[in-house]
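Listing of upload_8.cif; format and content: mmCIF, C-alpha atoms.
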```
data_structure
loop_
_atom_site.label_atom_id
_atom_site.label_comp_id
_atom_site.auth_asym_id
_atom_site.auth_seq_id
_atom_site.Cartn_x
_atom_site.Cartn_y
_atom_site.Cartn_z
CA MET A 1 45.13 36.98 -25.31
CA ASP A 2 46.47 35.33 -22.17
CA ARG A 3 49.37 32.87 -22.09
CA SER A 4 47.25 29.73 -21.58
CA LYS A 5 45.14 30.57 -24.65
CA LYS A 6 48.31 31.08 -26.72
CA GLU A 7 49.72 27.76 -25.53
CA GLN A 8 46.47 26.05 -26.45
CA ILE A 9 46.56 27.57 -29.97
CA VAL A 10 50.21 26.54 -30.45
CA ALA A 11 49.46 22.98 -29.31
CA GLU A 12 46.47 22.77 -31.66
CA LEU A 13 48.53 24.09 -34.59
CA GLN A 14 51.34 21.62 -33.88
CA GLY A 15 48.84 18.78 -33.91
CA LYS A 16 47.35 19.88 -37.22
CA LEU A 17 50.73 20.51 -38.85
CA LYS A 18 51.63 16.84 -38.33
CA ASP A 19 48.75 15.77 -40.60
CA VAL A 20 49.06 18.51 -43.22
CA LYS A 21 50.02 17.44 -46.74
CA LEU A 22 50.21 20.96 -48.16
CA ALA A 23 50.32 24.33 -46.41
CA ILE A 24 50.06 27.68 -48.16
CA LEU A 25 50.57 31.14 -46.72
CA ALA A 26 48.39 33.89 -48.14
CA ASP A 27 47.97 37.59 -47.54
CA TYR A 28 44.25 38.18 -47.11
CA SER A 29 44.32 41.96 -46.54
CA GLY A 30 41.31 43.60 -48.13
CA LEU A 31 39.07 40.53 -48.16
CA ASN A 32 35.79 41.08 -46.38
CA VAL A 33 34.23 38.57 -44.01
CA GLU A 34 31.75 37.35 -46.61
CA LYS A 35 34.49 36.45 -49.12
CA ILE A 36 36.61 34.76 -46.45
CA THR A 37 33.58 32.72 -45.38
CA ASP A 38 32.94 31.71 -49.00
CA LEU A 39 36.58 30.65 -49.38
CA ARG A 40 36.48 28.66 -46.13
CA ASN A 41 33.33 26.84 -47.25
CA GLU A 42 34.86 25.99 -50.64
CA LEU A 43 38.09 24.75 -49.05
CA ARG A 44 36.21 22.56 -46.55
CA LYS A 45 34.73 20.64 -49.49
CA SER A 46 38.26 19.61 -50.50
CA ASP A 47 39.39 18.75 -46.95
CA ALA A 48 41.34 21.96 -46.43
CA GLU A 49 41.20 24.66 -43.79
CA PHE A 50 41.67 28.44 -44.03
CA ARG A 51 42.94 29.85 -40.78
CA VAL A 52 44.10 33.32 -39.80
CA ILE A 53 47.24 33.01 -37.71
CA LYS A 54 49.47 35.12 -35.57
CA ASN A 55 52.95 35.02 -37.02
CA THR A 56 54.70 34.55 -33.68
CA LEU A 57 52.42 31.68 -32.68
CA PHE A 58 52.94 29.99 -36.04
CA LYS A 59 56.73 30.34 -35.68
CA ILE A 60 56.56 28.60 -32.33
CA ALA A 61 54.23 25.86 -33.62
CA SER A 62 56.32 25.16 -36.73
CA LYS A 63 59.67 25.21 -34.93
CA ASP A 64 60.52 21.51 -35.37
CA THR A 65 58.58 20.89 -38.59
CA ASP A 66 59.12 21.37 -42.31
CA PHE A 67 56.96 24.48 -42.12
CA ARG A 68 59.84 26.45 -40.63
CA LEU A 69 60.60 27.20 -44.31
CA PHE A 70 57.89 29.88 -44.00
CA ASP A 71 59.90 31.94 -41.48
CA ASP A 72 61.01 34.51 -44.09
CA TYR A 73 57.40 35.09 -45.16
CA LEU A 74 55.87 35.66 -41.73
CA LYS A 75 55.29 39.38 -42.05
CA GLY A 76 51.98 41.20 -41.91
CA PRO A 77 48.49 39.70 -41.70
CA LEU A 78 48.59 36.14 -43.00
CA ALA A 79 46.31 33.19 -43.39
CA LEU A 80 47.42 29.59 -43.39
CA ILE A 81 45.66 27.20 -45.72
CA MET A 82 46.19 23.63 -44.53
CA ASN A 83 45.31 20.71 -46.76
CA PHE A 84 44.60 17.27 -45.32
CA GLY A 85 43.31 15.54 -48.49
CA ASP A 86 43.82 15.87 -52.23
CA VAL A 87 46.32 18.70 -52.65
CA VAL A 88 45.41 19.43 -56.27
CA GLU A 89 41.71 19.94 -55.62
CA SER A 90 42.19 22.45 -52.81
CA THR A 91 44.96 24.23 -54.70
CA LYS A 92 42.65 24.63 -57.70
CA THR A 93 39.99 26.10 -55.44
CA LEU A 94 42.46 28.49 -53.85
CA VAL A 95 44.08 29.65 -57.10
CA ASN A 96 40.70 30.17 -58.77
CA PHE A 97 39.53 32.23 -55.79
CA ALA A 98 42.74 34.28 -55.90
CA ARG A 99 42.19 34.98 -59.62
CA LYS A 100 38.69 36.28 -58.95
CA ASN A 101 39.71 38.22 -55.82
CA GLU A 102 42.93 40.14 -56.23
CA GLU A 103 42.96 40.93 -52.50
CA LEU A 104 44.08 37.35 -51.80
CA GLU A 105 47.78 36.99 -52.55
CA LEU A 106 49.37 33.56 -52.33
CA LYS A 107 52.84 33.91 -50.82
CA ALA A 108 54.43 30.46 -50.56
CA GLY A 109 53.72 26.83 -49.82
CA VAL A 110 55.26 23.68 -48.42
CA LEU A 111 54.44 20.29 -49.91
CA ASP A 112 56.11 17.21 -48.43
CA ASP A 113 59.01 19.21 -46.94
CA ARG A 114 59.52 21.00 -50.27
CA PHE A 115 59.18 24.76 -50.56
CA LEU A 116 56.80 26.04 -53.27
CA THR A 117 56.78 29.50 -54.79
CA ASN A 118 53.64 31.25 -55.98
CA GLU A 119 54.30 30.06 -59.55
CA GLN A 120 54.76 26.46 -58.43
CA ILE A 121 51.48 26.62 -56.52
CA LYS A 122 49.73 27.78 -59.72
CA THR A 123 51.39 24.95 -61.65
CA LEU A 124 50.22 22.45 -59.02
CA SER A 125 46.66 23.70 -59.47
CA GLU A 126 46.81 22.85 -63.19
CA LEU A 127 47.52 19.16 -62.61
CA PRO A 128 44.71 16.64 -63.00
CA SER A 129 43.08 15.49 -59.79
CA ARG A 130 44.03 12.26 -58.05
CA GLU A 131 40.92 10.48 -59.33
CA VAL A 132 41.71 11.42 -62.94
CA LEU A 133 45.31 10.21 -62.59
CA LEU A 134 44.16 6.93 -61.02
CA GLY A 135 41.67 6.49 -63.86
CA LYS A 136 44.40 6.99 -66.45
CA LEU A 137 46.66 4.52 -64.65
CA LEU A 138 43.88 1.94 -64.50
CA SER A 139 43.09 2.34 -68.20
CA MET A 140 46.78 1.86 -69.05
CA MET A 141 46.87 -1.32 -66.98
CA VAL A 142 43.76 -2.66 -68.74
CA VAL A 143 45.19 -1.81 -72.19
CA VAL A 144 48.41 -3.70 -71.42
CA GLN A 145 46.51 -6.80 -70.31
CA THR A 146 44.19 -6.65 -73.32
CA SER A 147 47.14 -6.31 -75.68
CA LEU A 148 48.94 -9.23 -74.02
CA VAL A 149 45.88 -11.48 -74.34
CA SER A 150 45.47 -10.46 -77.98
CA VAL A 151 49.10 -11.23 -78.79
CA LEU A 152 49.10 -14.54 -76.93
CA SER A 153 45.85 -15.68 -78.53
CA GLY A 154 47.20 -14.84 -82.01
CA VAL A 155 49.43 -17.92 -82.26
CA PRO A 156 46.71 -20.51 -81.50
CA ARG A 157 44.25 -18.60 -83.71
CA LYS A 158 46.67 -18.71 -86.69
CA PHE A 159 47.31 -22.40 -86.03
CA VAL A 160 43.58 -23.19 -86.04
CA GLN A 161 43.10 -21.12 -89.21
CA THR A 162 45.97 -22.99 -90.90
CA LEU A 163 44.47 -26.35 -89.90
CA GLU A 164 41.07 -25.26 -91.23
CA ALA A 165 42.61 -24.17 -94.54
CA TYR A 166 44.44 -27.51 -94.78
CA ARG A 167 41.17 -29.38 -94.07
CA VAL A 168 39.32 -27.41 -96.77
CA LYS A 169 42.12 -28.08 -99.25
CA LYS A 170 42.03 -31.82 -98.52
CA GLU A 171 38.26 -31.94 -99.00
CA GLU A 172 38.56 -30.18 -102.35
CA GLU A 173 41.17 -32.70 -103.50
CA ASN A 174 38.87 -35.61 -102.68
#
```

Structure translated into C-alpha cells:
Amino acid sequence: MDRSKKEQIVAELQGKLKDVKLAILADYSGLNVEKITDLRNELRKSDAEFRVIKNTLFKIASKDTDFRLFDDYLKGPLALIMNFGDVVESTKTLVNFARKNEELELKAGVLDDRFLTNEQIKTLSELPSREVLLGKLLSMMVVVQTSLVSVLSGVPRKFVQTLEAYRVKKEEEN
C-alpha cells in the first residue's frame, strides 16, 4: 500500500472516529468471508460498521482521540466495530454473533471516553434497548400525572358526595 493510500485511510478513520459512540476491538482470526459478511450485514441494520484495520494506521488515526485507550490491545489481526446509533442494539448483535462463533473474540471497547472490558461489553448487551427505556420512562410520566389528577379530584368528589348525602338526609326529614 502506498503512502497516499495510507494517508487517505487514516483521514477517513479520523473522520469516522469523531462520530462513533461505541468502538469495540475484536480478534476475527478463523472467521471465513461468509461469516464476516453476515456479521457486517447484521451490524449495518443497527447503524454499526465492522472494519478490518491495520494496527499502525489505527494508532495514527486515534492519536488525539479517546480511542488511544486501545493502544495496549493493538496486536495481531483485529477488526474495529464502530457504532453510530443505538449502542445496545449493535452490542447485542455482536455478542450474540460471538457466542455462536467462537472464532470472534471481543477484546475491549470504548464508550464515551470510558474503557470497557469484555465482561462490560457483555453486560452492556443485556441492557434494554433505547426504545424500551424511553417507553418505560413515558409510562412512568403518565402514571404520575394520572395519580396526581386522581388525588386532586378526590377532594371535590368527596365534597360533592357529602353534599348529596346531606341533601338526601334533608329530604328524608321532610

Please list as a PDB file with C-alpha atoms, in the frame of the given file every residue within 7 Å of range 49-63 of chain A, counting only C-alpha atoms and excluding residues in the same chain fewer than 6 positions away.
```pdb
ATOM      1  CA  VAL A  10      50.210  26.540 -30.450  1.00  0.00           C
ATOM      2  CA  LEU A  13      48.530  24.090 -34.590  1.00  0.00           C
ATOM      3  CA  GLN A  14      51.340  21.620 -33.880  1.00  0.00           C
ATOM      4  CA  ARG A  40      36.480  28.660 -46.130  1.00  0.00           C
ATOM      5  CA  LEU A  43      38.090  24.750 -49.050  1.00  0.00           C
ATOM      6  CA  ASP A  71      59.900  31.940 -41.480  1.00  0.00           C
ATOM      7  CA  LEU A  74      55.870  35.660 -41.730  1.00  0.00           C
ATOM      8  CA  LEU A  78      48.590  36.140 -43.000  1.00  0.00           C
ATOM      9  CA  ALA A  79      46.310  33.190 -43.390  1.00  0.00           C
ATOM     10  CA  LEU A  80      47.420  29.590 -43.390  1.00  0.00           C
ATOM     11  CA  ILE A  81      45.660  27.200 -45.720  1.00  0.00           C
ATOM     12  CA  MET A  82      46.190  23.630 -44.530  1.00  0.00           C
ATOM     13  CA  ASN A  83      45.310  20.710 -46.760  1.00  0.00           C
TER      14      ASN A  83
END
```

Checklist entry - Suppose you want the space between CA of Ala11 in chain A and CA of Val110 in chain A; what is it in Å? => result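 Going from CA of Ala11 in chain A over to CA of Val110 in chain A, I get 20.0 Å.
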
I'd like the residues picked by the PyMOL selection byres ((chain A and resi 116-125) around 8) written out as a PDB file with C-alpha atoms, in the frame of the given file, using the chain letters and numbers from the file.
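Written out: out_38.pdb:
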```pdb
ATOM      1  CA  VAL A  88      45.410  19.430 -56.270  1.00  0.00           C
ATOM      2  CA  GLU A  89      41.710  19.940 -55.620  1.00  0.00           C
ATOM      3  CA  THR A  91      44.960  24.230 -54.700  1.00  0.00           C
ATOM      4  CA  LYS A  92      42.650  24.630 -57.700  1.00  0.00           C
ATOM      5  CA  VAL A  95      44.080  29.650 -57.100  1.00  0.00           C
ATOM      6  CA  LEU A 106      49.370  33.560 -52.330  1.00  0.00           C
ATOM      7  CA  LYS A 107      52.840  33.910 -50.820  1.00  0.00           C
ATOM      8  CA  ALA A 108      54.430  30.460 -50.560  1.00  0.00           C
ATOM      9  CA  GLY A 109      53.720  26.830 -49.820  1.00  0.00           C
ATOM     10  CA  VAL A 110      55.260  23.680 -48.420  1.00  0.00           C
ATOM     11  CA  LEU A 111      54.440  20.290 -49.910  1.00  0.00           C
ATOM     12  CA  ARG A 114      59.520  21.000 -50.270  1.00  0.00           C
ATOM     13  CA  PHE A 115      59.180  24.760 -50.560  1.00  0.00           C
ATOM     14  CA  GLU A 126      46.810  22.850 -63.190  1.00  0.00           C
ATOM     15  CA  LEU A 127      47.520  19.160 -62.610  1.00  0.00           C
TER      16      LEU A 127
END
```

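From CA of Val142 in chain A back to CA of Gln161 in chain A, the distance works out to 27.6 Å.
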
Next on the checklist: Could you check the closest approach to Thr65 in chain A for each of A:Leu137, A:Asp19, A:Met1, A:Glu131 and tell me which residue wins, using only C-alpha atoms?
Outcome noted: A:Asp19

Please evaluate the PyMOL selection byres ((chain A and resi 77) around 7) against the structure above and give the resulting residues as a PDB file with C-alpha atoms, keeping the file's coordinate frame.
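Generated output (out_24.pdb):
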```
ATOM      1  CA  ASP A  27      47.970  37.590 -47.540  1.00  0.00           C
ATOM      2  CA  SER A  29      44.320  41.960 -46.540  1.00  0.00           C
ATOM      3  CA  LYS A  75      55.290  39.380 -42.050  1.00  0.00           C
ATOM      4  CA  GLY A  76      51.980  41.200 -41.910  1.00  0.00           C
ATOM      5  CA  LEU A  78      48.590  36.140 -43.000  1.00  0.00           C
TER       6      LEU A  78
END
```

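Atom pair CA of Val20 in chain A / CA of Lys45 in chain A: separated by 15.8 Å.
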
Item to check | Closest of A:Phe84, A:Phe97, A:Tyr28, A:Tyr166 to Ala48 in chain A - atom-to-atom distances counting all atoms listed in the file | outcome: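 Smallest distance to Ala48 in chain A is found for A:Phe84.
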
Item to check | Pick from A:Ile9, A:Val144, A:Ala98, A:Val87 nearest to Lys21 in chain A, counting all atoms listed in the file | outcome: A:Val87

Item to check | Residue with smallest distance to Leu94 in chain A - pool A:Ser129, A:Ser139, A:Ser46, A:Thr162, counting all atoms listed in the file | outcome: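 Using all atoms listed in the file, Leu94 in chain A sits closest to A:Ser46.
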
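Take the candidates A:Lys100, A:Lys16, A:Arg167, A:Arg68 and check each one against Lys35 in chain A using only C-alpha atoms; the shortest distance goes to A:Lys100.
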
Kindly output range 117-144 of chain A as a PDB file, in the frame of the given file, after building N, CA and C atoms.
```pdb
ATOM      1  N   THR A 117      57.003  28.082 -54.532  1.00  0.00           N
ATOM      2  CA  THR A 117      56.780  29.500 -54.790  1.00  0.00           C
ATOM      3  C   THR A 117      55.353  29.690 -55.291  1.00  0.00           C
ATOM      4  N   ASN A 118      54.975  30.928 -55.474  1.00  0.00           N
ATOM      5  CA  ASN A 118      53.640  31.250 -55.980  1.00  0.00           C
ATOM      6  C   ASN A 118      53.418  30.603 -57.348  1.00  0.00           C
ATOM      7  N   GLU A 119      54.422  30.650 -58.211  1.00  0.00           N
ATOM      8  CA  GLU A 119      54.300  30.060 -59.550  1.00  0.00           C
ATOM      9  C   GLU A 119      54.152  28.537 -59.473  1.00  0.00           C
ATOM     10  N   GLN A 120      54.865  27.908 -58.578  1.00  0.00           N
ATOM     11  CA  GLN A 120      54.760  26.460 -58.430  1.00  0.00           C
ATOM     12  C   GLN A 120      53.399  26.053 -57.885  1.00  0.00           C
ATOM     13  N   ILE A 121      52.826  26.890 -57.030  1.00  0.00           N
ATOM     14  CA  ILE A 121      51.480  26.620 -56.520  1.00  0.00           C
ATOM     15  C   ILE A 121      50.476  26.680 -57.670  1.00  0.00           C
ATOM     16  N   LYS A 122      50.631  27.675 -58.545  1.00  0.00           N
ATOM     17  CA  LYS A 122      49.730  27.780 -59.720  1.00  0.00           C
ATOM     18  C   LYS A 122      49.906  26.581 -60.636  1.00  0.00           C
ATOM     19  N   THR A 123      51.137  26.127 -60.815  1.00  0.00           N
ATOM     20  CA  THR A 123      51.390  24.950 -61.650  1.00  0.00           C
ATOM     21  C   THR A 123      50.749  23.706 -61.037  1.00  0.00           C
ATOM     22  N   LEU A 124      50.840  23.583 -59.731  1.00  0.00           N
ATOM     23  CA  LEU A 124      50.220  22.450 -59.020  1.00  0.00           C
ATOM     24  C   LEU A 124      48.711  22.444 -59.238  1.00  0.00           C
ATOM     25  N   SER A 125      48.112  23.620 -59.290  1.00  0.00           N
ATOM     26  CA  SER A 125      46.660  23.700 -59.470  1.00  0.00           C
ATOM     27  C   SER A 125      46.218  23.267 -60.862  1.00  0.00           C
ATOM     28  N   GLU A 126      47.145  23.222 -61.815  1.00  0.00           N
ATOM     29  CA  GLU A 126      46.810  22.850 -63.190  1.00  0.00           C
ATOM     30  C   GLU A 126      46.904  21.349 -63.442  1.00  0.00           C
ATOM     31  N   LEU A 127      47.419  20.614 -62.460  1.00  0.00           N
ATOM     32  CA  LEU A 127      47.520  19.160 -62.610  1.00  0.00           C
ATOM     33  C   LEU A 127      46.134  18.522 -62.540  1.00  0.00           C
ATOM     34  N   PRO A 128      45.981  17.359 -63.163  1.00  0.00           N
ATOM     35  CA  PRO A 128      44.710  16.640 -63.000  1.00  0.00           C
ATOM     36  C   PRO A 128      44.558  16.155 -61.571  1.00  0.00           C
ATOM     37  N   SER A 129      43.325  15.942 -61.161  1.00  0.00           N
ATOM     38  CA  SER A 129      43.080  15.490 -59.790  1.00  0.00           C
ATOM     39  C   SER A 129      43.542  14.046 -59.614  1.00  0.00           C
ATOM     40  N   ARG A 130      43.579  13.611 -58.387  1.00  0.00           N
ATOM     41  CA  ARG A 130      44.030  12.260 -58.050  1.00  0.00           C
ATOM     42  C   ARG A 130      43.156  11.210 -58.731  1.00  0.00           C
ATOM     43  N   GLU A 131      41.844  11.440 -58.731  1.00  0.00           N
ATOM     44  CA  GLU A 131      40.920  10.480 -59.330  1.00  0.00           C
ATOM     45  C   GLU A 131      41.173  10.330 -60.832  1.00  0.00           C
ATOM     46  N   VAL A 132      41.444  11.454 -61.501  1.00  0.00           N
ATOM     47  CA  VAL A 132      41.710  11.420 -62.940  1.00  0.00           C
ATOM     48  C   VAL A 132      43.005  10.646 -63.206  1.00  0.00           C
ATOM     49  N   LEU A 133      44.040  10.919 -62.413  1.00  0.00           N
ATOM     50  CA  LEU A 133      45.310  10.210 -62.590  1.00  0.00           C
ATOM     51  C   LEU A 133      45.164   8.716 -62.327  1.00  0.00           C
ATOM     52  N   LEU A 134      44.391   8.351 -61.295  1.00  0.00           N
ATOM     53  CA  LEU A 134      44.160   6.930 -61.020  1.00  0.00           C
ATOM     54  C   LEU A 134      43.377   6.274 -62.161  1.00  0.00           C
ATOM     55  N   GLY A 135      42.427   6.999 -62.726  1.00  0.00           N
ATOM     56  CA  GLY A 135      41.670   6.490 -63.860  1.00  0.00           C
ATOM     57  C   GLY A 135      42.557   6.240 -65.074  1.00  0.00           C
ATOM     58  N   LYS A 136      43.470   7.159 -65.329  1.00  0.00           N
ATOM     59  CA  LYS A 136      44.400   6.990 -66.450  1.00  0.00           C
ATOM     60  C   LYS A 136      45.321   5.794 -66.213  1.00  0.00           C
ATOM     61  N   LEU A 137      45.796   5.649 -64.986  1.00  0.00           N
ATOM     62  CA  LEU A 137      46.660   4.520 -64.650  1.00  0.00           C
ATOM     63  C   LEU A 137      45.917   3.203 -64.834  1.00  0.00           C
ATOM     64  N   LEU A 138      44.678   3.152 -64.369  1.00  0.00           N
ATOM     65  CA  LEU A 138      43.880   1.940 -64.500  1.00  0.00           C
ATOM     66  C   LEU A 138      43.635   1.602 -65.968  1.00  0.00           C
ATOM     67  N   SER A 139      43.328   2.609 -66.778  1.00  0.00           N
ATOM     68  CA  SER A 139      43.090   2.340 -68.200  1.00  0.00           C
ATOM     69  C   SER A 139      44.363   1.836 -68.879  1.00  0.00           C
ATOM     70  N   MET A 140      45.522   2.340 -68.478  1.00  0.00           N
ATOM     71  CA  MET A 140      46.780   1.860 -69.050  1.00  0.00           C
ATOM     72  C   MET A 140      47.019   0.394 -68.663  1.00  0.00           C
ATOM     73  N   MET A 141      46.689   0.059 -67.422  1.00  0.00           N
ATOM     74  CA  MET A 141      46.870  -1.320 -66.980  1.00  0.00           C
ATOM     75  C   MET A 141      45.945  -2.263 -67.739  1.00  0.00           C
ATOM     76  N   VAL A 142      44.723  -1.830 -68.006  1.00  0.00           N
ATOM     77  CA  VAL A 142      43.760  -2.660 -68.740  1.00  0.00           C
ATOM     78  C   VAL A 142      44.216  -2.814 -70.189  1.00  0.00           C
ATOM     79  N   VAL A 143      44.724  -1.752 -70.798  1.00  0.00           N
ATOM     80  CA  VAL A 143      45.190  -1.810 -72.190  1.00  0.00           C
ATOM     81  C   VAL A 143      46.342  -2.799 -72.313  1.00  0.00           C
ATOM     82  N   VAL A 144      47.267  -2.790 -71.378  1.00  0.00           N
ATOM     83  CA  VAL A 144      48.410  -3.700 -71.420  1.00  0.00           C
ATOM     84  C   VAL A 144      47.935  -5.144 -71.341  1.00  0.00           C
TER      85      VAL A 144
END
```
